[in-house]
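This is structure.cif (mmCIF, C-alpha atoms).
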```
data_upload
#
loop_
_atom_site.label_atom_id
_atom_site.label_comp_id
_atom_site.auth_asym_id
_atom_site.auth_seq_id
_atom_site.Cartn_x
_atom_site.Cartn_y
_atom_site.Cartn_z
CA MET C 1 20.28 35.04 -20.10
CA ALA C 2 20.03 32.76 -23.14
CA LYS C 3 19.50 29.10 -22.45
CA ASP C 4 22.10 26.62 -23.60
CA PRO C 5 20.48 24.66 -26.46
CA ALA C 6 22.70 21.70 -25.60
CA ALA C 7 21.38 21.58 -22.04
CA PRO C 8 19.15 18.56 -21.34
CA ARG C 9 15.46 19.32 -21.29
CA LYS C 10 13.36 18.23 -18.36
CA GLN C 11 10.89 15.66 -19.59
CA ARG C 12 7.30 16.35 -18.77
CA SER C 13 5.18 13.44 -17.71
CA ASN C 14 2.28 12.64 -19.99
CA PRO C 15 -0.80 11.94 -17.85
CA PHE C 16 -2.49 9.99 -20.66
CA LYS C 17 0.52 7.69 -21.04
CA GLN C 18 0.56 7.22 -17.26
CA ILE C 19 -3.12 6.30 -17.20
CA ALA C 20 -2.60 3.89 -20.11
CA SER C 21 0.33 2.30 -18.28
CA VAL C 22 -1.72 1.87 -15.11
CA TYR C 23 -4.63 0.47 -17.10
CA LYS C 24 -2.41 -2.16 -18.75
CA ALA C 25 -0.90 -3.13 -15.39
CA VAL C 26 -4.32 -3.51 -13.77
CA LYS C 27 -5.80 -5.36 -16.76
CA SER C 28 -3.03 -7.96 -16.53
CA MET C 29 -4.29 -8.75 -13.02
CA ASP C 30 -8.00 -8.00 -13.54
CA PRO C 31 -9.21 -8.69 -17.13
CA SER C 32 -12.69 -7.39 -16.30
CA ILE C 33 -11.41 -3.87 -15.56
CA THR C 34 -12.53 -2.55 -18.98
CA TRP C 35 -16.16 -3.40 -18.32
CA TRP C 36 -15.95 -1.94 -14.82
CA LEU C 37 -14.61 1.37 -16.16
CA LEU C 38 -17.19 1.55 -18.95
CA GLY C 39 -20.00 0.68 -16.57
CA VAL C 40 -19.03 3.32 -14.01
CA PHE C 41 -18.41 6.02 -16.64
CA ILE C 42 -21.66 5.41 -18.52
CA GLY C 43 -23.65 4.96 -15.31
CA VAL C 44 -22.51 8.25 -13.79
CA LEU C 45 -22.95 10.13 -17.06
CA ALA C 46 -26.44 8.65 -17.57
CA LEU C 47 -27.41 9.84 -14.11
CA PHE C 48 -26.46 13.42 -14.99
CA VAL C 49 -28.30 13.19 -18.31
CA ILE C 50 -31.46 12.06 -16.52
CA ILE C 51 -31.13 14.93 -14.04
CA GLY C 52 -30.59 17.29 -16.99
CA PHE C 53 -33.82 16.22 -18.65
CA LEU C 54 -35.70 16.55 -15.37
CA VAL C 55 -34.60 20.17 -14.99
CA ASP C 56 -34.82 20.82 -18.75
CA HIS C 57 -31.04 21.40 -19.17
CA PRO C 58 -29.67 18.09 -20.56
CA ILE C 59 -26.69 19.54 -22.46
CA TYR C 60 -25.58 21.61 -19.47
CA PHE C 61 -25.61 18.55 -17.21
CA VAL C 62 -23.75 16.46 -19.80
CA PHE C 63 -20.82 18.89 -19.57
CA ILE C 64 -20.97 18.71 -15.79
CA GLY C 65 -21.25 14.93 -15.80
CA LEU C 66 -18.33 14.19 -18.16
CA PRO C 67 -15.48 15.14 -15.78
CA ILE C 68 -17.26 13.59 -12.80
CA ALA C 69 -17.80 10.35 -14.73
CA ALA C 70 -14.11 10.33 -15.72
CA LEU C 71 -13.10 10.88 -12.10
CA ALA C 72 -15.35 8.04 -10.96
CA ALA C 73 -13.72 5.77 -13.56
CA MET C 74 -10.22 6.72 -12.34
CA ILE C 75 -11.19 5.98 -8.74
CA THR C 76 -12.57 2.63 -9.86
CA LEU C 77 -9.33 1.89 -11.70
CA SER C 78 -7.32 2.63 -8.58
CA ARG C 79 -9.56 0.61 -6.24
CA ARG C 80 -9.81 -2.38 -8.58
CA GLY C 81 -6.06 -2.24 -9.09
CA GLU C 82 -5.42 -2.33 -5.35
CA LYS C 83 -7.85 -5.21 -4.92
CA ALA C 84 -6.25 -7.20 -7.73
CA ALA C 85 -2.74 -6.55 -6.41
CA PHE C 86 -3.69 -7.67 -2.90
CA GLY C 87 -5.33 -10.76 -4.37
CA ALA C 88 -2.16 -11.60 -6.30
CA MET C 89 0.07 -11.43 -3.23
CA GLN C 90 -2.37 -12.96 -0.73
CA GLY C 91 -0.83 -15.86 1.10
CA LYS C 92 2.64 -15.23 -0.31
CA ALA C 93 5.73 -14.60 1.77
CA GLY C 94 6.28 -10.87 2.20
CA GLN C 95 2.64 -9.85 1.76
CA SER C 96 2.95 -7.63 4.83
CA VAL C 97 5.50 -5.31 3.23
CA GLY C 98 3.29 -5.20 0.15
CA ALA C 99 0.54 -3.82 2.35
CA LEU C 100 2.92 -1.47 4.19
CA SER C 101 3.89 0.12 0.87
CA MET C 102 0.32 1.45 0.75
CA LEU C 103 0.83 3.54 3.88
CA ARG C 104 0.56 7.28 3.52
CA ARG C 105 3.26 9.70 4.57
CA GLY C 106 4.05 9.92 8.23
CA TRP C 107 5.15 6.33 8.67
CA TYR C 108 8.55 4.67 8.73
CA TYR C 109 8.76 1.02 7.78
CA ASP C 110 11.40 -1.52 6.84
CA GLN C 111 11.14 -3.12 3.43
CA GLU C 112 12.85 -6.26 4.71
CA PRO C 113 11.71 -8.35 7.68
CA VAL C 114 13.42 -7.47 10.94
CA ALA C 115 13.19 -11.12 11.99
CA ALA C 116 12.65 -14.33 10.04
CA ASP C 117 12.58 -18.07 10.55
CA VAL C 118 13.24 -19.98 7.33
CA ALA C 119 14.55 -23.53 7.47
CA ARG C 120 15.42 -23.96 3.79
CA PRO C 121 15.11 -21.75 0.67
CA GLN C 122 12.46 -24.02 -0.83
CA GLU C 123 10.30 -23.46 2.25
CA ILE C 124 10.12 -19.67 1.92
CA ALA C 125 6.33 -19.94 1.45
CA ASN C 126 6.11 -21.28 5.03
CA ALA C 127 8.50 -18.76 6.52
CA ALA C 128 7.67 -16.89 9.71
CA MET C 129 8.55 -13.20 9.48
CA ILE C 130 8.25 -10.02 11.49
CA PHE C 131 7.99 -6.60 9.81
CA ARG C 132 8.26 -3.31 11.66
CA ALA C 133 6.63 0.08 11.14
CA LEU C 134 6.75 3.30 13.12
CA GLY C 135 4.10 5.98 13.18
CA ALA C 136 2.29 8.33 15.51
CA PRO C 137 0.69 5.37 17.35
CA GLY C 138 4.14 3.99 18.15
CA VAL C 139 5.91 0.87 16.91
CA VAL C 140 3.80 -1.66 15.02
CA LEU C 141 5.20 -5.16 14.67
CA ILE C 142 3.55 -7.32 12.02
CA GLY C 143 3.94 -11.09 12.05
CA GLU C 144 3.14 -13.41 9.18
CA GLY C 145 3.57 -17.09 8.48
CA PRO C 146 2.96 -20.07 10.81
CA LEU C 147 1.51 -18.53 13.97
CA PRO C 148 3.48 -20.49 16.61
CA ARG C 149 6.83 -19.55 15.07
CA ALA C 150 5.69 -16.01 14.31
CA LYS C 151 4.72 -15.53 17.97
CA LYS C 152 8.16 -16.66 19.13
CA LEU C 153 9.81 -14.18 16.81
CA MET C 154 7.37 -11.51 17.96
CA GLU C 155 8.24 -11.99 21.64
CA LYS C 156 11.94 -11.52 20.89
CA GLU C 157 11.34 -8.47 18.75
CA VAL C 158 9.10 -6.81 21.35
CA LYS C 159 11.90 -7.15 23.91
CA LYS C 160 14.42 -5.60 21.51
CA VAL C 161 12.19 -2.64 20.73
CA ALA C 162 11.32 -2.09 24.40
CA ARG C 163 15.02 -2.10 25.26
CA VAL C 164 16.01 0.66 22.80
CA ALA C 165 12.75 2.66 23.00
CA PRO C 166 11.37 2.29 26.53
CA GLY C 167 7.93 3.77 27.07
CA VAL C 168 7.03 3.79 23.38
CA PRO C 169 3.77 1.90 22.63
CA ILE C 170 4.31 -1.41 20.83
CA HIS C 171 1.42 -2.85 18.86
CA GLN C 172 1.40 -6.47 17.69
CA LEU C 173 -0.51 -7.57 14.60
CA TYR C 174 -0.58 -10.84 12.70
CA VAL C 175 -1.42 -10.98 9.00
CA GLY C 176 -3.67 -13.82 7.90
CA ASP C 177 -7.26 -14.95 7.49
CA ASP C 178 -7.72 -16.80 10.79
CA ASP C 179 -9.40 -15.47 13.94
CA GLY C 180 -7.37 -12.78 15.65
CA GLN C 181 -5.46 -12.00 12.46
CA VAL C 182 -5.72 -9.09 10.03
CA SER C 183 -5.95 -9.59 6.28
CA ALA C 184 -3.21 -7.90 4.25
CA ARG C 185 -5.81 -5.69 2.57
CA LYS C 186 -7.01 -4.33 5.92
CA LEU C 187 -3.57 -3.99 7.50
CA THR C 188 -2.92 -0.32 6.75
CA ARG C 189 -6.51 0.59 7.67
CA THR C 190 -6.08 -1.15 11.03
CA MET C 191 -2.77 0.62 11.64
CA THR C 192 -4.08 4.10 10.83
CA LYS C 193 -6.96 3.59 13.27
CA LEU C 194 -4.51 3.18 16.17
CA LYS C 195 -4.44 6.15 18.53
CA GLY C 196 -1.58 8.55 17.86
CA THR C 197 0.72 9.31 20.80
CA LEU C 198 4.05 10.39 19.28
CA THR C 199 4.97 13.72 17.75
CA LYS C 200 7.05 13.99 14.56
CA GLU C 201 10.13 14.86 16.62
CA GLU C 202 9.60 11.86 18.89
CA MET C 203 9.06 9.60 15.89
CA SER C 204 12.34 10.75 14.36
CA ALA C 205 14.19 10.05 17.61
CA VAL C 206 12.60 6.63 18.01
CA ASN C 207 13.38 5.76 14.39
CA LYS C 208 17.08 6.43 15.02
CA ARG C 209 16.97 4.15 18.03
CA LEU C 210 15.26 1.40 16.07
CA LYS C 211 17.97 1.62 13.41
CA SER C 212 20.50 0.73 16.09
CA ILE C 213 18.95 -2.75 16.41
CA PRO C 214 21.13 -5.16 14.41
CA GLY C 215 19.42 -6.49 11.30
CA ILE C 216 18.58 -10.17 11.20
CA ARG C 217 19.43 -11.31 7.72
CA GLN C 218 20.83 -14.72 8.68
CA GLY C 219 17.32 -16.16 9.06
CA ILE C 220 16.62 -15.56 5.37
CA PRO C 221 18.30 -17.88 2.85
CA ALA C 222 20.65 -16.30 0.34
CA GLY C 223 18.91 -15.34 -2.87
CA VAL C 224 15.49 -15.06 -1.26
CA ASP C 225 13.86 -11.64 -1.42
CA PRO C 226 10.49 -11.56 0.37
CA THR C 227 10.11 -7.87 -0.44
CA LYS C 228 9.25 -8.63 -4.07
CA ALA C 229 5.62 -8.84 -2.99
CA ARG C 230 5.75 -5.08 -2.47
CA MET C 231 3.02 -3.11 -4.23
CA ASP C 232 3.74 0.26 -5.80
CA ARG C 233 1.02 2.72 -4.80
CA ARG C 234 2.36 5.38 -7.16
CA GLN C 235 2.06 3.04 -10.12
CA LEU C 236 -1.57 2.37 -9.30
CA ARG C 237 -2.20 6.12 -9.14
CA GLY C 238 -0.37 6.74 -12.38
CA ARG C 239 2.52 8.71 -10.94
#
```
This structure in structure tokens:
Amino acid sequence: MAKDPAAPRKQRSNPFKQIASVYKAVKSMDPSITWWLLGVFIGVLALFVIIGFLVDHPIYFVFIGLPIAALAAMITLSRRGEKAAFGAMQGKAGQSVGALSMLRRGWYYDQEPVAADVARPQEIANAAMIFRALGAPGVVLIGEGPLPRAKKLMEKEVKKVARVAPGVPIHQLYVGDDDGQVSARKLTRTMTKLKGTLTKEEMSAVNKRLKSIPGIRQGIPAGVDPTKARMDRRQLRGR
């Protein structure tokens, strides 16, 4: 069957344009990224050249080293980009959801806080918030902001979750740099280390129950969007 010439063509993504876009985004946050990429690429390639001379096959090892050096540079770009992004949102309201956006598949999480305590819009930087995620380890509640107020919100949220999902493990974490807290950069790593207890079917059922909990938007002043600290993992990977 002949194709309709008027039919819209599916655009193919250009990997080089994607890499360039990611590079520009990372460079805006980390100006030294160019030197990091050059250093890693040249360092890895030089290592293969040295090995090539030692085994008397330098050209052969150059061809092997080129793609590996490029891969090492791409990994460096991704890691430096993540580090720069976390540094940019550190200490800002909503940094928890920025970290949650880095979670791999298999997790449910809310992009808005499920509980918040904000006195006035101009005090959003000192807001206490609770974010919620659900994975194989159970429900993970993440508090951020002034600890005393965050703990009060946490106690209320734990009771709500336990009421709609009895028996499901509830983990409590606080994002920050003080003792007993987890830095935003290590949040997802800490969560993925928790022991898994729920199956996919159980997670789906629990997620539906959690959705039945009324949202708490009244604690957040109108016009304030703490989720703008969210980090796009796909952008960092060039997708």
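Atom pair atom CA of Pro169 of chain C / atom CA of Pro146 of chain C: separated by 25.0 Å.
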Problem - Contacts of Val161 of chain C at 7 Å (all atoms listed in the file; same-chain gap of 4+ positions) as a PyMOL selection string - result: chain C and resi 157+165+210
Exercise for the section: Enter the distance from atom CA of Arg149 of chain C to atom CA of Ala127 of chain C, in Å, rounded to one decimal. Expected result: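 If I compute the distance from atom CA of Arg149 of chain C to atom CA of Ala127 of chain C, I get 8.7 Å.
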Practice task
Record the distance separating atom CA of Lys151 of chain C and atom CA of Glu202 of chain C, expressed in Å with one decimal.
Solution key: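 Taking atom CA of Lys151 of chain C and atom CA of Glu202 of chain C, their separation equals 27.8 Å.
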Exercise for the section: I would like the residues chosen by the PyMOL selection byres ((chain C and resi 34) around 12) on the shown file; could you give them as a PyMOL selection string? Expected result: chain C and resi 20+23-24+26-33+35-41+73-74+76-77+80-81
Output of the above residues as a PDB file, in the coordinates of the input, restricted to C-alpha atoms:
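Below is the file that was written, out_25.pdb:
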```pdb
ATOM      1  CA  ALA C  20      -2.600   3.890 -20.110  1.00  0.00           C
ATOM      2  CA  TYR C  23      -4.630   0.470 -17.100  1.00  0.00           C
ATOM      3  CA  LYS C  24      -2.410  -2.160 -18.750  1.00  0.00           C
ATOM      4  CA  VAL C  26      -4.320  -3.510 -13.770  1.00  0.00           C
ATOM      5  CA  LYS C  27      -5.800  -5.360 -16.760  1.00  0.00           C
ATOM      6  CA  SER C  28      -3.030  -7.960 -16.530  1.00  0.00           C
ATOM      7  CA  MET C  29      -4.290  -8.750 -13.020  1.00  0.00           C
ATOM      8  CA  ASP C  30      -8.000  -8.000 -13.540  1.00  0.00           C
ATOM      9  CA  PRO C  31      -9.210  -8.690 -17.130  1.00  0.00           C
ATOM     10  CA  SER C  32     -12.690  -7.390 -16.300  1.00  0.00           C
ATOM     11  CA  ILE C  33     -11.410  -3.870 -15.560  1.00  0.00           C
ATOM     12  CA  TRP C  35     -16.160  -3.400 -18.320  1.00  0.00           C
ATOM     13  CA  TRP C  36     -15.950  -1.940 -14.820  1.00  0.00           C
ATOM     14  CA  LEU C  37     -14.610   1.370 -16.160  1.00  0.00           C
ATOM     15  CA  LEU C  38     -17.190   1.550 -18.950  1.00  0.00           C
ATOM     16  CA  GLY C  39     -20.000   0.680 -16.570  1.00  0.00           C
ATOM     17  CA  VAL C  40     -19.030   3.320 -14.010  1.00  0.00           C
ATOM     18  CA  PHE C  41     -18.410   6.020 -16.640  1.00  0.00           C
ATOM     19  CA  ALA C  73     -13.720   5.770 -13.560  1.00  0.00           C
ATOM     20  CA  MET C  74     -10.220   6.720 -12.340  1.00  0.00           C
ATOM     21  CA  THR C  76     -12.570   2.630  -9.860  1.00  0.00           C
ATOM     22  CA  LEU C  77      -9.330   1.890 -11.700  1.00  0.00           C
ATOM     23  CA  ARG C  80      -9.810  -2.380  -8.580  1.00  0.00           C
ATOM     24  CA  GLY C  81      -6.060  -2.240  -9.090  1.00  0.00           C
TER      25      GLY C  81
END
```
Problem - Selected residue of minimal separation from Trp107 of chain C among C:Gly196, C:Gly43, C:Gly143, C:Pro15, counting all atoms listed in the file - result: C:Gly196
Spatial neighbours of segment 186-190 of chain C, 12 Å, all atoms listed in the file, chain gap at least 4 places, as a PDB file with C-alpha atoms, keeping the file's coordinate frame:
```pdb
ATOM      1  CA  GLU C  82      -5.420  -2.330  -5.350  1.00  0.00           C
ATOM      2  CA  LYS C  83      -7.850  -5.210  -4.920  1.00  0.00           C
ATOM      3  CA  PHE C  86      -3.690  -7.670  -2.900  1.00  0.00           C
ATOM      4  CA  GLN C  90      -2.370 -12.960  -0.730  1.00  0.00           C
ATOM      5  CA  GLN C  95       2.640  -9.850   1.760  1.00  0.00           C
ATOM      6  CA  SER C  96       2.950  -7.630   4.830  1.00  0.00           C
ATOM      7  CA  VAL C  97       5.500  -5.310   3.230  1.00  0.00           C
ATOM      8  CA  GLY C  98       3.290  -5.200   0.150  1.00  0.00           C
ATOM      9  CA  ALA C  99       0.540  -3.820   2.350  1.00  0.00           C
ATOM     10  CA  LEU C 100       2.920  -1.470   4.190  1.00  0.00           C
ATOM     11  CA  SER C 101       3.890   0.120   0.870  1.00  0.00           C
ATOM     12  CA  MET C 102       0.320   1.450   0.750  1.00  0.00           C
ATOM     13  CA  LEU C 103       0.830   3.540   3.880  1.00  0.00           C
ATOM     14  CA  ARG C 104       0.560   7.280   3.520  1.00  0.00           C
ATOM     15  CA  ARG C 105       3.260   9.700   4.570  1.00  0.00           C
ATOM     16  CA  TRP C 107       5.150   6.330   8.670  1.00  0.00           C
ATOM     17  CA  TYR C 109       8.760   1.020   7.780  1.00  0.00           C
ATOM     18  CA  ALA C 133       6.630   0.080  11.140  1.00  0.00           C
ATOM     19  CA  GLY C 135       4.100   5.980  13.180  1.00  0.00           C
ATOM     20  CA  PRO C 137       0.690   5.370  17.350  1.00  0.00           C
ATOM     21  CA  VAL C 140       3.800  -1.660  15.020  1.00  0.00           C
ATOM     22  CA  LEU C 141       5.200  -5.160  14.670  1.00  0.00           C
ATOM     23  CA  ILE C 142       3.550  -7.320  12.020  1.00  0.00           C
ATOM     24  CA  GLY C 143       3.940 -11.090  12.050  1.00  0.00           C
ATOM     25  CA  GLU C 144       3.140 -13.410   9.180  1.00  0.00           C
ATOM     26  CA  HIS C 171       1.420  -2.850  18.860  1.00  0.00           C
ATOM     27  CA  GLN C 172       1.400  -6.470  17.690  1.00  0.00           C
ATOM     28  CA  LEU C 173      -0.510  -7.570  14.600  1.00  0.00           C
ATOM     29  CA  TYR C 174      -0.580 -10.840  12.700  1.00  0.00           C
ATOM     30  CA  VAL C 175      -1.420 -10.980   9.000  1.00  0.00           C
ATOM     31  CA  GLY C 176      -3.670 -13.820   7.900  1.00  0.00           C
ATOM     32  CA  ASP C 177      -7.260 -14.950   7.490  1.00  0.00           C
ATOM     33  CA  GLN C 181      -5.460 -12.000  12.460  1.00  0.00           C
ATOM     34  CA  VAL C 182      -5.720  -9.090  10.030  1.00  0.00           C
ATOM     35  CA  LEU C 194      -4.510   3.180  16.170  1.00  0.00           C
ATOM     36  CA  LYS C 195      -4.440   6.150  18.530  1.00  0.00           C
TER      37      LYS C 195
END
```
